[in-house]
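Read through the structure below, which is laid out as structure tokens, and then see the notes.
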Amino acid sequence: MQHRYIPMTEEDKKSMLKTVGVDSTEELFADIPDDVRFKGDLNIKPAKNEFELKKELSQLANQNVNLETHTSFLGAGVYQHYIPSIVDHVISRSEFYTAYTPYQPEISQGELQAIFEFQTMISELTGMEVSNSSMYDGGTALAEAVNLSAGQTRKKKVLVSKAVHPESLEVIHTYAKGPGLEVVEIDVKNGLTDLEQLKSELDDDTASVVLQYPNFLGQIEPLKEVNELLADRKKSMMVVSSNPLALGYLTPPGEFGADIVVGDTQVFGIPGQFGGPHCGYFATTKKLMRKVPGRLVGQTVDEEGYRGFVLTLQAREQHIRRDKATSNICSNQALNALASSVAMSALGKQGVKEMAELNMKKARYAKTQFEQHGIDIVYEGSFFNEFVVNVNQDVSQLNEKLRENGFIGGFNLGSLSGEWKNHMLIAVTEIRTKEEIDQFVKEVGDLND
Amino acid sequence: MTKQADFPVIFELSQENRKGYSLPELDVPDVDLDSEFSSDYIRQTNPDLPEVSELQIMRHYTALSKRNHGVDSGFYPLGSCTMKYNPKINEDVARFPGFSQIHPYQDESTVQGALGLMYDLQSSLSEITGMYDVTLQPAAGAQGEWTGLMMIRAFHEANGDYNRTKVIVPDSAHGTNPASATVAGFEAVTVKSDERGLVDLEDLKRVVGDDTAALMLTNPNTLGLFEEHIVEMANIIHDAGGRLYYDGANLNAIMGYARPGDMGFDVVHLNLHKTFTGPHGGGGPGSGPVGVSEELAKFLPKPVLTTNGESYYFDHDRPDSIGRVKPYYGNFGINVRAYTYIRSMGPDGLKQVSENAVLNANYMMRRLQEEYELPFTQHCKHEFVLSGKNQKKLGVRTLDIAKRLLDFGYHPPTIYFPLNVEEALMVEPTETESKETLDEFIDAMIQISNEAKEDPELVQEAPYTTVISRLDETQAARKPVLRYYRTEE
């Protein structure tokens, strides 16, 4: 049967086979040895027509509670934010999404320039000199940063704060096995990385100190003090994972002497999508420019002197350097970097600050409301848009009850560690209204009594 | 200095106080944020993002899109990348709110639809590849490679076998193979190809040893040739105690005809953005699931998606797992697209895909071998590699041929890869192209070959029709400008 994605007719095939000089397509597969030839039919579901398949998958999708059916206070690394309508219209232009890596710059100026603009925006937000074209996500970007710090300093020990996203921490451990690094986890004290412990672990073998800003608990790590700690140890790097939206308000890590800043631009124009695809970013100093993983786009000129863009410094990359490459990354997250660029362009210089402040103000309002309902706020330090409450009951059970009332509750910190039993991490973004916050706090309060 | 006619970057459209956003109102009592922070932590200068209106943004990116070539724009026979048609139903399904607007930390009971889809996709990929189990966690092919190698490493270490430090890769391998080996802590060693473009068995016997962790193989290989001696190769590696890794970049050639698991492979990665139509996105996001044999299954990255017959859940209790390779559960949005594609094709459709991909490649190869040197003459699979060395003698390099193709509206083939063919041109038409398209492209290639004979300068100076001429890559690398700097007017 003729499939709509396959245009060859029987007539076409006949004439092509004749040109090839064989009687049937089977002959073209004769080089597959008989004993490894697959002779049956693949045991997968039969093909479905377009209408019915769409209907079936729509019903499947509708089985999921989602952010349109429920009001969410869940964050913990993935956030629901305002996404300008233009984002999806831009990334739906098939010249972008059906293209591949821009290896032929003359017919890829659109993609190349979009990446160049992305790199510029990330440099601006992070306060770093150089940004790459994207990484898979914030977690793997952080793991690559850790490995880069070890390679560059030729040291094997890394100090990673336990207030880094727990899944990023897990990924760091997995990536560290390749080069055989020692990952030392630094405890959390009052919601912040324990600087005393950090200081005591910091020694001449330390490749880098790794923090998240704001950290997983929403708290703002004192990067200034960390930088001062590191000043005595000039050869250890400072690696910071940062929510780029928070940098609309907070001093960027680049101004605190960070050597590598990574994170995820999911907050700009990318829906949660069950955790992926999101979009990692990787920003660093000019000094480390030639060690950066992944693609870099650079500006140059054509034969007539017009400005144009190309993939550059490719001698770092796997397709040129093979086993000596700075990373094995090939495909990254180009289309999502484009989505974030559109969202960042829409927000602009003022909007990104306004949006960051809205998050902070609404989160502070929610915090105050919890306090007024007698619910404990666990950490008192400065925070961005997330904070921890003690709900005095099992968070997953509480969330189940909240769901019946139309809410997706906060992250169950108790799932990570016994010391966080009954602790919920609550995210409040700019899209939550006062009414929603009031209602949510009331529900939690009522269920807490 | 940039010329007046330079295409503007978005920062050059910016005007102070212009707005392109519509944020919610502040509907809660205002608070003074600055009083809460030490001034050290309050950003003093706003990031210099562009200030542009919504229409300006839309026009800017629309104009950029017109300066870009995708599969929907025209033929894109970029070898090894499987630039096939990206079905539009995939895009629609991935945007259903029940798939796009879900959070990875929602309770498993609330995302059974998503988990069911993932489980069925895993099962389908297991069946298509002949593997015991599949993880959807890796974000792209290269991450899949590294994940697979880390599992092989864990397997050897679990056997107390710490001396297996080497990973063998053919000289025709993708660059990611040796790079992934390095990242996984191995040393990459090369095995040569023979005069037929296949792995040289004698050389393989020479390099294999008790320090061999794995052989990484693409089959069909990057020359588009099926490694006929796969069974012998598998025996050589397994007898030496190594494991066999399948780079699934070329799976589009053999679906329904052969399965890596049946060929003796222990680990397989797939590129869902190639064979299974997740769009390439201008360079990602992709998705790189990894399939394993039963022996290696306990090392899969955690958590592992499984079912108890009533519902789907993530099993985190995996003591032998290599650990997590990516936050959350993989590039779910891409996996939704791939799943939609598999369900659109069914078992017969997937077999037709490979049948037509292979026929198209052979047809083009036979017609083009009259004008271009064909270093390996047997039937190919889904792609083939020509050499531009005859044209080079006339002063026309493969790069020139590629640039000249731009004038005909085509994306050129992959060039200068694989490395074991001089002036290589690697052509992969895919199954979604019509005979008319193939013929038109062949005609253009023949015309360029004639131009090389009659007027080489015409080819050397191409392209003529693109928005920009050849770019100075040396300058870009010598004095890297990796971001825009605003200049005072």
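Chain labels follow the order of the structure tokens: the first chain is A, the next B, and so on; residue numbering restarts at 1 in every chain, and ligands are counted from 1 in their shown order.
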Near range 304-316 of chain A, counting only C-alpha atoms, which residues have an atom at most 6 Å away, once you skip same-chain residues fewer than 3 positions from it, shown as a PyMOL selection string? (chain A and resi 105+112+296-301+320+325-326) or (chain B and resi 6+477)
Neighbour list for range 351-366 of chain A as a PDB file with N, CA and C atoms, in the first residue's frame, cut-off 7 Å, only C-alpha atoms, skip fewer than 6 positions in-chain:
```pdb
ATOM      1  N   LEU A 245      16.255  33.737  34.391  1.00  0.00           N
ATOM      2  CA  LEU A 245      15.232  34.735  34.688  1.00  0.00           C
ATOM      3  C   LEU A 245      15.594  35.503  35.957  1.00  0.00           C
ATOM      4  N   ALA A 246      16.127  34.788  36.940  1.00  0.00           N
ATOM      5  CA  ALA A 246      16.498  35.442  38.196  1.00  0.00           C
ATOM      6  C   ALA A 246      17.545  36.526  37.959  1.00  0.00           C
ATOM      7  N   GLY A 248      17.531  38.653  35.792  1.00  0.00           N
ATOM      8  CA  GLY A 248      16.899  39.933  35.452  1.00  0.00           C
ATOM      9  C   GLY A 248      16.926  40.867  36.657  1.00  0.00           C
ATOM     10  N   TYR A 249      17.020  40.288  37.849  1.00  0.00           N
ATOM     11  CA  TYR A 249      17.063  41.111  39.072  1.00  0.00           C
ATOM     12  C   TYR A 249      18.395  41.001  39.807  1.00  0.00           C
ATOM     13  N   PHE A 384      14.311  33.783  45.515  1.00  0.00           N
ATOM     14  CA  PHE A 384      13.812  34.287  44.235  1.00  0.00           C
ATOM     15  C   PHE A 384      12.311  34.029  44.136  1.00  0.00           C
ATOM     16  N   ASN A 385      11.894  32.946  43.514  1.00  0.00           N
ATOM     17  CA  ASN A 385      10.449  32.703  43.394  1.00  0.00           C
ATOM     18  C   ASN A 385      10.018  31.379  44.017  1.00  0.00           C
ATOM     19  N   GLU A 386      10.883  30.804  44.842  1.00  0.00           N
ATOM     20  CA  GLU A 386      10.539  29.549  45.504  1.00  0.00           C
ATOM     21  C   GLU A 386      10.907  29.616  46.977  1.00  0.00           C
ATOM     22  N   VAL A 428       6.179  30.228  42.886  1.00  0.00           N
ATOM     23  CA  VAL A 428       5.142  31.188  42.485  1.00  0.00           C
ATOM     24  C   VAL A 428       5.712  32.026  41.341  1.00  0.00           C
ATOM     25  N   THR A 429       5.137  31.880  40.170  1.00  0.00           N
ATOM     26  CA  THR A 429       5.640  32.658  39.035  1.00  0.00           C
ATOM     27  C   THR A 429       4.699  33.817  38.740  1.00  0.00           C
ATOM     28  N   GLU A 430       5.058  34.610  37.741  1.00  0.00           N
ATOM     29  CA  GLU A 430       4.302  35.820  37.426  1.00  0.00           C
ATOM     30  C   GLU A 430       2.874  35.534  36.966  1.00  0.00           C
ATOM     31  N   ILE A 437      -3.425  32.435  44.426  1.00  0.00           N
ATOM     32  CA  ILE A 437      -2.538  32.271  45.588  1.00  0.00           C
ATOM     33  C   ILE A 437      -3.373  32.175  46.867  1.00  0.00           C
TER      34      ILE A 437
ATOM     35  N   TYR B  21       6.253  42.806  24.981  1.00  0.00           N
ATOM     36  CA  TYR B  21       5.720  41.816  25.922  1.00  0.00           C
ATOM     37  C   TYR B  21       4.425  42.270  26.556  1.00  0.00           C
ATOM     38  N   LEU B  26       0.697  43.368  38.420  1.00  0.00           N
ATOM     39  CA  LEU B  26       1.018  43.096  39.822  1.00  0.00           C
ATOM     40  C   LEU B  26      -0.284  43.251  40.611  1.00  0.00           C
ATOM     41  N   VAL B  28      -0.847  41.857  43.603  1.00  0.00           N
ATOM     42  CA  VAL B  28      -0.647  41.680  45.050  1.00  0.00           C
ATOM     43  C   VAL B  28       0.004  42.967  45.572  1.00  0.00           C
ATOM     44  N   ASP B  30       2.428  45.677  46.607  1.00  0.00           N
ATOM     45  CA  ASP B  30       3.826  45.864  46.197  1.00  0.00           C
ATOM     46  C   ASP B  30       4.737  45.804  47.418  1.00  0.00           C
ATOM     47  N   VAL B  31       5.919  45.271  47.208  1.00  0.00           N
ATOM     48  CA  VAL B  31       6.907  45.282  48.292  1.00  0.00           C
ATOM     49  C   VAL B  31       8.213  45.852  47.755  1.00  0.00           C
TER      50      VAL B  31
END
```
Please identify all polymer residues within 12 Å of Arg43 in chain B, counting only C-alpha atoms, omitting same-chain residues fewer than 2 positions from it, and present them as a list in words. Glu124, Leu125, Thr126, Gly127, Ala246, Leu247, Gly248, Tyr249, Leu250, Thr251, Pro252, Pro253, Gly254, Glu255, Phe256, Val352, Lys353, Ala356 and Glu357 of chain A; Leu33, Asp34, Phe37, Ser38, Ser39, Asp40, Tyr41, Thr45, Asn46 and Pro47 of chain B
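Nearest residue to Pro244 in chain A, choosing from A:Ile377, A:Ile122, A:Ala143, A:Val78 and counting only C-alpha atoms: A:Ile122.
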Neighbours of Arg206 in chain B within 12 Å (only C-alpha atoms; same-chain residues fewer than 6 positions away dropped), as a list in words? Ile168, Val189, Thr190, Val191, Lys192, Asp200, Thr212, Ile236, Ile237 and Ala240 of chain B
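The coordinates place CA of Val261 in chain A at 17.4 Å from CA of Gln333 in chain A.
Between CA of Tyr105 in chain B and CA of Val292 in chain B there is a distance of 26.9 Å.
Here CA of Ile128 in chain B is placed at a distance of 23.4 Å from CA of Ser24 in chain A.
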12 Å contact set for range 29-34 of chain A, only C-alpha atoms, chain neighbours under 2 positions out, as number ranges by chain: A: 22, 24-27, 36-39; B: 198, 219-220, 225-232, 253-260, 262-263, 354-359, 362, 378-382
Take the residues from that selection and write them out as a PDB file, in the first residue's frame, keeping C-alpha atoms.
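Result written to part.pdb:
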```pdb
ATOM      1  CA  VAL A  22      18.461  -5.637 -10.424  1.00  0.00           C
ATOM      2  CA  SER A  24      13.818  -6.515  -7.184  1.00  0.00           C
ATOM      3  CA  THR A  25      14.643  -4.428  -4.145  1.00  0.00           C
ATOM      4  CA  GLU A  26      15.258  -7.686  -2.295  1.00  0.00           C
ATOM      5  CA  GLU A  27      18.499  -8.054  -4.228  1.00  0.00           C
ATOM      6  CA  VAL A  36      20.906 -12.355  10.794  1.00  0.00           C
ATOM      7  CA  ARG A  37      18.189 -11.464   8.339  1.00  0.00           C
ATOM      8  CA  PHE A  38      14.920 -10.533  10.038  1.00  0.00           C
ATOM      9  CA  LYS A  39      12.257 -12.650   8.459  1.00  0.00           C
TER      10      LYS A  39
ATOM     11  CA  LEU B 198      34.270  -2.676   5.163  1.00  0.00           C
ATOM     12  CA  ASN B 219      25.936  -0.850  10.183  1.00  0.00           C
ATOM     13  CA  PRO B 220      25.419  -0.044   7.388  1.00  0.00           C
ATOM     14  CA  LEU B 225      27.766  -0.335   3.017  1.00  0.00           C
ATOM     15  CA  PHE B 226      26.471  -3.240   5.022  1.00  0.00           C
ATOM     16  CA  GLU B 227      29.181  -4.905   7.103  1.00  0.00           C
ATOM     17  CA  GLU B 228      28.640  -8.388   5.703  1.00  0.00           C
ATOM     18  CA  HIS B 229      31.020 -10.000   8.144  1.00  0.00           C
ATOM     19  CA  ILE B 230      29.075  -8.772  11.115  1.00  0.00           C
ATOM     20  CA  VAL B 231      28.703 -12.248  12.605  1.00  0.00           C
ATOM     21  CA  GLU B 232      32.454 -12.921  12.419  1.00  0.00           C
ATOM     22  CA  ALA B 253      18.483   1.400   5.921  1.00  0.00           C
ATOM     23  CA  ILE B 254      17.450  -1.823   7.597  1.00  0.00           C
ATOM     24  CA  MET B 255      14.152  -1.544   9.453  1.00  0.00           C
ATOM     25  CA  GLY B 256      12.265  -4.785   9.056  1.00  0.00           C
ATOM     26  CA  TYR B 257      15.230  -6.337   7.215  1.00  0.00           C
ATOM     27  CA  ALA B 258      17.710  -6.811  10.030  1.00  0.00           C
ATOM     28  CA  ARG B 259      17.959  -5.968  13.711  1.00  0.00           C
ATOM     29  CA  PRO B 260      21.108  -5.034  15.621  1.00  0.00           C
ATOM     30  CA  ASP B 262      20.060 -10.323  16.026  1.00  0.00           C
ATOM     31  CA  MET B 263      23.463  -9.341  14.646  1.00  0.00           C
ATOM     32  CA  SER B 354      14.005   1.159   4.416  1.00  0.00           C
ATOM     33  CA  GLU B 355      13.186  -0.463   1.103  1.00  0.00           C
ATOM     34  CA  ASN B 356      12.632   2.897  -0.569  1.00  0.00           C
ATOM     35  CA  ALA B 357      15.530   4.631   1.158  1.00  0.00           C
ATOM     36  CA  VAL B 358      17.841   1.934  -0.186  1.00  0.00           C
ATOM     37  CA  LEU B 359      16.356   1.915  -3.668  1.00  0.00           C
ATOM     38  CA  ASN B 362      21.178   2.907  -5.317  1.00  0.00           C
ATOM     39  CA  GLN B 378      28.799  -2.836  -4.535  1.00  0.00           C
ATOM     40  CA  HIS B 379      25.136  -2.077  -3.868  1.00  0.00           C
ATOM     41  CA  CYS B 380      24.782   0.503  -1.153  1.00  0.00           C
ATOM     42  CA  LYS B 381      22.188   0.818   1.537  1.00  0.00           C
ATOM     43  CA  HIS B 382      20.496   4.156   2.315  1.00  0.00           C
TER      44      HIS B 382
END
```
Show which residues sit within 10 Å of Lys199 in chain A, as a PyMOL selection string. Count only C-alpha atoms, and ignore same-chain residues fewer than 5 positions away. chain A and resi 186+194+226+229-230
Check the DSSP output for the backbone and give back, as a ChimeraX atom specification, the residues of range 166-295 of chain A in helix (DSSP H, G or I). /A:166-176,195-201,223-231,246-248,253-256,265-267,273-275,286-291
Write to file, as an mmCIF file, in the first residue's frame, the residues of the selection just made, with C-alpha atoms.
```cif
data_model
loop_
_atom_site.group_PDB
_atom_site.id
_atom_site.type_symbol
_atom_site.label_atom_id
_atom_site.label_comp_id
_atom_site.auth_asym_id
_atom_site.auth_seq_id
_atom_site.Cartn_x
_atom_site.Cartn_y
_atom_site.Cartn_z
ATOM 1 C CA PRO A 166 19.337 16.959 42.993
ATOM 2 C CA GLU A 167 19.036 15.537 39.486
ATOM 3 C CA SER A 168 21.864 17.746 38.224
ATOM 4 C CA LEU A 169 23.898 16.437 41.137
ATOM 5 C CA GLU A 170 23.152 12.873 40.051
ATOM 6 C CA VAL A 171 24.173 13.710 36.476
ATOM 7 C CA ILE A 172 27.424 15.252 37.752
ATOM 8 C CA HIS A 173 28.212 11.983 39.528
ATOM 9 C CA THR A 174 27.578 9.976 36.341
ATOM 10 C CA TYR A 175 29.653 12.280 34.138
ATOM 11 C CA ALA A 176 32.469 12.389 36.692
ATOM 12 C CA LEU A 195 30.594 27.804 53.622
ATOM 13 C CA GLU A 196 32.526 26.518 56.632
ATOM 14 C CA GLN A 197 32.526 23.027 55.200
ATOM 15 C CA LEU A 198 33.289 24.400 51.760
ATOM 16 C CA LYS A 199 36.283 26.234 53.174
ATOM 17 C CA SER A 200 37.569 23.179 54.970
ATOM 18 C CA GLU A 201 37.270 20.983 51.880
ATOM 19 C CA LEU A 223 28.466 34.300 45.613
ATOM 20 C CA LYS A 224 30.446 37.301 46.753
ATOM 21 C CA GLU A 225 31.695 35.438 49.790
ATOM 22 C CA VAL A 226 32.343 32.326 47.749
ATOM 23 C CA ASN A 227 34.433 34.348 45.349
ATOM 24 C CA GLU A 228 36.399 35.768 48.274
ATOM 25 C CA LEU A 229 36.951 32.249 49.569
ATOM 26 C CA LEU A 230 38.292 31.260 46.182
ATOM 27 C CA ALA A 231 40.523 34.305 45.907
ATOM 28 C CA ALA A 246 16.498 35.442 38.196
ATOM 29 C CA LEU A 247 19.393 37.313 36.590
ATOM 30 C CA GLY A 248 16.899 39.933 35.452
ATOM 31 C CA PRO A 253 27.511 35.435 38.466
ATOM 32 C CA GLY A 254 29.970 36.927 35.979
ATOM 33 C CA GLU A 255 30.298 39.944 38.261
ATOM 34 C CA PHE A 256 31.239 37.661 41.152
ATOM 35 C CA THR A 265 16.542 28.714 29.405
ATOM 36 C CA GLN A 266 13.302 26.742 29.801
ATOM 37 C CA VAL A 267 12.018 29.789 31.702
ATOM 38 C CA GLN A 273 6.895 19.062 28.289
ATOM 39 C CA PHE A 274 7.376 16.526 31.063
ATOM 40 C CA GLY A 275 10.967 17.604 31.515
ATOM 41 C CA LYS A 286 37.415 34.378 26.827
ATOM 42 C CA LYS A 287 40.214 32.479 28.479
ATOM 43 C CA LEU A 288 38.210 29.258 28.315
ATOM 44 C CA MET A 289 36.693 29.991 24.895
ATOM 45 C CA ARG A 290 38.672 27.281 23.131
ATOM 46 C CA LYS A 291 37.650 24.675 25.710
#
```
Nearest residue to Gln439 in chain A out of A:Phe73, A:Phe116, A:Phe51, A:Phe411, using only C-alpha atoms? A:Phe73
